[in-house]
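Visitor: Enclosed is the structure file final09.tsv (TSV, C-alpha atoms).
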chain	number	residue	atom	x	y	z
A	17	MET	CA	11.53	-5.21	-34.41
A	18	ASN	CA	8.26	-6.73	-35.50
A	19	PRO	CA	5.88	-4.75	-37.71
A	20	TRP	CA	3.07	-5.06	-35.12
A	21	GLU	CA	5.24	-3.28	-32.54
A	22	ASN	CA	4.87	-0.08	-34.61
A	23	ASP	CA	1.10	-0.26	-34.27
A	24	PRO	CA	-0.24	2.44	-31.88
A	25	ALA	CA	-2.68	-0.08	-30.37
A	26	TYR	CA	0.30	-2.16	-29.24
A	27	ALA	CA	1.75	0.83	-27.38
A	28	ASP	CA	-1.57	1.36	-25.59
A	29	PHE	CA	-1.74	-2.33	-24.75
A	30	ARG	CA	1.82	-2.27	-23.41
A	31	VAL	CA	1.04	0.71	-21.13
A	32	LEU	CA	-2.12	-1.01	-19.91
A	33	ALA	CA	-0.19	-4.21	-19.19
A	34	GLN	CA	2.44	-2.28	-17.22
A	35	LYS	CA	-0.27	-0.57	-15.14
A	36	LEU	CA	-1.95	-3.91	-14.47
A	37	GLU	CA	1.36	-5.48	-13.45
A	38	ALA	CA	2.07	-2.58	-11.07
A	39	ALA	CA	-1.40	-2.88	-9.53
A	40	LEU	CA	-1.05	-6.64	-9.02
A	41	SER	CA	2.40	-6.18	-7.51
A	42	ALA	CA	1.05	-3.57	-5.09
A	43	SER	CA	-1.85	-5.82	-4.06
A	44	ASN	CA	0.59	-8.71	-3.52
A	45	ARG	CA	2.76	-6.54	-1.26
A	46	LEU	CA	-0.32	-5.37	0.63
A	47	LEU	CA	-1.61	-8.90	1.19
A	48	ILE	CA	1.81	-10.10	2.34
A	49	SER	CA	2.03	-7.24	4.84
A	50	LEU	CA	-1.55	-7.86	6.05
A	51	ALA	CA	-0.63	-11.49	6.68
A	52	SER	CA	2.37	-10.30	8.74
A	53	LEU	CA	4.76	-12.23	6.49
A	54	THR	CA	7.92	-11.54	4.59
A	55	PRO	CA	8.05	-12.54	0.92
A	56	GLU	CA	10.36	-15.44	1.83
A	57	ALA	CA	7.91	-16.71	4.48
A	58	VAL	CA	4.93	-17.02	2.13
A	59	LEU	CA	5.63	-20.59	1.02
A	60	PRO	CA	6.37	-21.94	4.53
A	61	ALA	CA	3.11	-20.37	5.76
A	62	PHE	CA	1.11	-22.09	3.03
A	63	LYS	CA	3.01	-25.34	3.56
A	64	THR	CA	2.08	-25.34	7.24
A	65	ALA	CA	-1.55	-24.35	6.63
A	66	GLN	CA	-2.10	-26.95	3.91
A	67	GLY	CA	-0.38	-29.65	5.95
A	68	GLN	CA	-2.71	-28.93	8.86
A	69	ILE	CA	-5.81	-28.82	6.65
A	70	LEU	CA	-5.00	-32.16	5.01
A	71	GLY	CA	-3.85	-33.79	8.25
A	72	PHE	CA	-0.27	-34.55	7.22
A	73	ASP	CA	1.94	-36.22	9.79
A	74	GLU	CA	5.69	-35.50	10.13
A	75	HIS	CA	6.68	-37.94	7.38
A	76	ALA	CA	4.05	-36.55	4.99
A	77	MET	CA	5.20	-32.99	5.74
A	78	GLU	CA	8.78	-33.96	4.85
A	79	ARG	CA	7.58	-35.50	1.58
A	80	PHE	CA	5.49	-32.39	0.92
A	81	ALA	CA	8.51	-30.13	1.47
A	82	VAL	CA	10.60	-32.24	-0.92
A	83	ALA	CA	7.81	-32.20	-3.51
A	84	LEU	CA	7.56	-28.41	-3.27
A	85	GLU	CA	11.27	-28.14	-4.04
A	86	GLU	CA	11.10	-30.72	-6.84
A	87	LYS	CA	8.21	-28.89	-8.50
A	88	ARG	CA	10.14	-25.59	-8.15
A	89	VAL	CA	7.22	-23.80	-6.53
A	90	VAL	CA	9.49	-21.06	-5.14
A	91	THR	CA	10.92	-20.34	-8.58
A	92	LEU	CA	7.60	-20.41	-10.40
A	93	SER	CA	5.63	-18.40	-7.85
A	94	GLN	CA	8.29	-15.68	-7.40
A	95	ASN	CA	6.92	-14.85	-3.91
A	96	ASN	CA	3.50	-13.98	-5.33
A	97	ILE	CA	0.93	-14.93	-2.71
A	98	PHE	CA	-1.70	-16.06	-5.24
A	99	MET	CA	0.65	-18.18	-7.32
A	100	THR	CA	2.20	-19.69	-4.21
A	101	CYS	CA	-1.26	-20.56	-2.93
A	102	ILE	CA	-2.36	-22.29	-6.14
A	103	LEU	CA	0.90	-24.10	-6.87
A	104	SER	CA	1.43	-25.33	-3.33
A	105	SER	CA	-2.23	-26.47	-3.19
A	106	ALA	CA	-1.72	-28.55	-6.33
A	107	VAL	CA	1.42	-30.15	-4.90
A	108	ALA	CA	-0.30	-30.73	-1.53
A	109	LEU	CA	-3.21	-32.52	-3.22
A	110	SER	CA	-0.90	-34.71	-5.26
A	111	GLU	CA	0.98	-35.66	-2.08
A	112	PHE	CA	-2.33	-36.21	-0.30
A	113	LYS	CA	-3.43	-38.59	-3.06
A	114	VAL	CA	-0.36	-40.84	-2.69
A	115	GLN	CA	-0.43	-40.82	1.11
A	116	PRO	CA	-1.26	-44.25	2.57
A	117	GLN	CA	-4.79	-44.67	3.85
A	118	LYS	CA	-5.36	-45.30	7.54
A	119	ALA	CA	-7.07	-48.54	8.42
A	120	GLY	CA	-10.05	-48.06	10.69
A	121	GLY	CA	-10.03	-44.75	12.47
A	122	GLY	CA	-12.81	-42.41	13.33
A	123	LEU	CA	-15.12	-40.28	11.28
A	124	LEU	CA	-12.33	-37.86	10.32
A	125	ALA	CA	-10.09	-40.66	8.99
A	126	LYS	CA	-12.98	-42.06	6.93
A	127	SER	CA	-13.81	-38.61	5.55
A	128	LEU	CA	-10.17	-38.03	4.61
A	129	ASN	CA	-10.01	-41.44	2.89
A	130	ARG	CA	-13.15	-40.57	0.90
A	131	LEU	CA	-11.73	-37.15	0.04
A	132	ARG	CA	-8.43	-38.72	-1.06
A	133	GLN	CA	-10.22	-40.55	-3.87
A	134	HIS	CA	-11.46	-37.27	-5.37
A	135	SER	CA	-8.58	-35.02	-4.39
A	136	THR	CA	-7.18	-34.17	-7.80
A	137	THR	CA	-10.14	-32.35	-9.28
A	138	SER	CA	-10.31	-28.66	-10.04
A	139	LEU	CA	-13.01	-28.24	-7.40
A	140	SER	CA	-10.80	-29.71	-4.68
A	141	LEU	CA	-7.87	-27.58	-5.85
A	142	GLY	CA	-9.99	-24.46	-5.60
A	143	ALA	CA	-11.37	-25.46	-2.21
A	144	LEU	CA	-7.93	-26.17	-0.74
A	145	ALA	CA	-6.48	-22.98	-2.22
A	146	TRP	CA	-9.36	-20.92	-0.81
A	147	ALA	CA	-9.14	-22.56	2.62
A	148	SER	CA	-5.37	-22.22	2.86
A	149	PHE	CA	-5.43	-18.61	1.60
A	150	TYR	CA	-7.93	-17.58	4.23
A	151	THR	CA	-6.07	-19.55	6.88
A	152	VAL	CA	-2.85	-17.71	6.11
A	153	MET	CA	-4.56	-14.35	5.71
A	154	GLY	CA	-6.77	-14.87	8.73
A	155	LYS	CA	-3.82	-15.26	11.04
A	156	GLY	CA	-2.28	-12.06	9.76
A	157	LEU	CA	-5.51	-10.08	9.77
A	158	LEU	CA	-6.27	-11.14	13.34
A	159	VAL	CA	-2.90	-9.78	14.42
A	160	HIS	CA	-3.66	-6.40	12.82
A	161	VAL	CA	-7.16	-6.27	14.31
A	162	LYS	CA	-5.80	-7.05	17.79
A	163	GLN	CA	-3.13	-4.37	17.40
A	164	ARG	CA	-5.71	-1.83	16.26
A	165	ARG	CA	-8.02	-2.68	19.17
A	166	GLY	CA	-5.08	-2.33	21.54
A	167	ARG	CA	-4.30	1.12	20.15
A	168	GLN	CA	-7.95	2.17	20.45
A	169	LYS	CA	-8.01	1.11	24.11
A	170	VAL	CA	-4.88	3.14	24.77
A	171	ILE	CA	-6.39	6.21	23.09
A	172	ARG	CA	-9.64	5.85	25.06
A	173	ALA	CA	-7.74	5.49	28.34
A	174	ARG	CA	-6.08	8.87	27.87
In structure tokens, how does this file's structure come out?

Guide:
Amino acid sequence: MNPWENDPAYADFRVLAQKLEAALSASNRLLISLASLTPEAVLPAFKTAQGQILGFDEHAMERFAVALEEKRVVTLSQNNIFMTCILSSAVALSEFKVQPQKAGGGLLAKSLNRLRQHSTTSLSLGALAWASFYTVMGKGLLVHVKQRRGRQKVIRAR
């Protein structure tokens, strides 16, 4: 036992840390249930959302899935929705950076090629994480809103 563990301030800090951990765990469970997901389905939901946002084709999605396993995102995130969002966004951007550029193409292809050059900055990581989080949460929240509206219509019909 370390001498600082006998300090009363340490005991207060430990209790505070346990309360904070419990609150974060409860918010994680709430967000997962609002998104209509199971804890095991969090990473696949983000993988799909980020692949769609970045315009990955089938081959790029396979490489992205392999990269997620190589980087041990499941192990590191421990089914936490925030950690999964950030870690998978970082892996998605690194895969996006090494993806071959399309020759020619329309305005979207040119914009994606321009974005690819600046894709590994903290700003782009935050933007992709925010966009993918709200994409995943939006799908789940829409389901709950539709269910609630359906229940209200049933109650009004009575």

Visitor: Write out as a CSV table (one decimal) with C-alpha atoms, keeping the file's coordinate frame each polymer residue whose atoms come within 7 Å of region 57-70 of chain A, counting all atoms listed in the file; drop sequence neighbours fewer than 4 positions from it.

Guide:
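result_18.csv was written with the following content:
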chain,number,residue,atom,x,y,z
A,53,LEU,CA,4.8,-12.2,6.5
A,77,MET,CA,5.2,-33.0,5.7
A,95,ASN,CA,6.9,-14.8,-3.9
A,97,ILE,CA,0.9,-14.9,-2.7
A,100,THR,CA,2.2,-19.7,-4.2
A,101,CYS,CA,-1.3,-20.6,-2.9
A,108,ALA,CA,-0.3,-30.7,-1.5
A,148,SER,CA,-5.4,-22.2,2.9
A,151,THR,CA,-6.1,-19.6,6.9
A,152,VAL,CA,-2.8,-17.7,6.1

Visitor: Quote the spacing between CA of His75 (chain A) and CA of Val89 (chain A) in Å to one decimal place.

Guide: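 Interatomic distance here is 19.8 Å.
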
Visitor: So that I can check the surroundings of region 34-49 of chain A, please list as number ranges by chain every protein, DNA and RNA residue that reaches within 8 Å of it, counting all atoms listed in the file and ignoring chain neighbours fewer than 5 positions away.

Guide: A: 54-55, 58, 96-98, 153

Visitor: Please, what distance in Å, to one decimal, runs between CA of Lys126 (chain A) and CA of Trp146 (chain A)?

Guide: 22.8 Å

Visitor: How far is it from CA of Arg132 (chain A) to CA of Lys87 (chain A), in Å with one decimal?

Guide: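 Those two atoms sit 20.7 Å apart.
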
Visitor: Considering only C-alpha atoms, state which residue in the set A:Ser93, A:Ser105, A:Gln115, A:Asn22 is at the smallest distance from Ala145 (chain A).

Guide: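 When distances to Ala145 (chain A) are compared using only C-alpha atoms, the smallest one comes from A:Ser105.
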
Visitor: From the list A:Ala76, A:Ala25, A:Val90, A:Leu50, which residue is nearest Pro116 (chain A) when using only C-alpha atoms?

Guide: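 Ranking A:Ala76, A:Ala25, A:Val90, A:Leu50 by distance to Pro116 (chain A), first place goes to A:Ala76.
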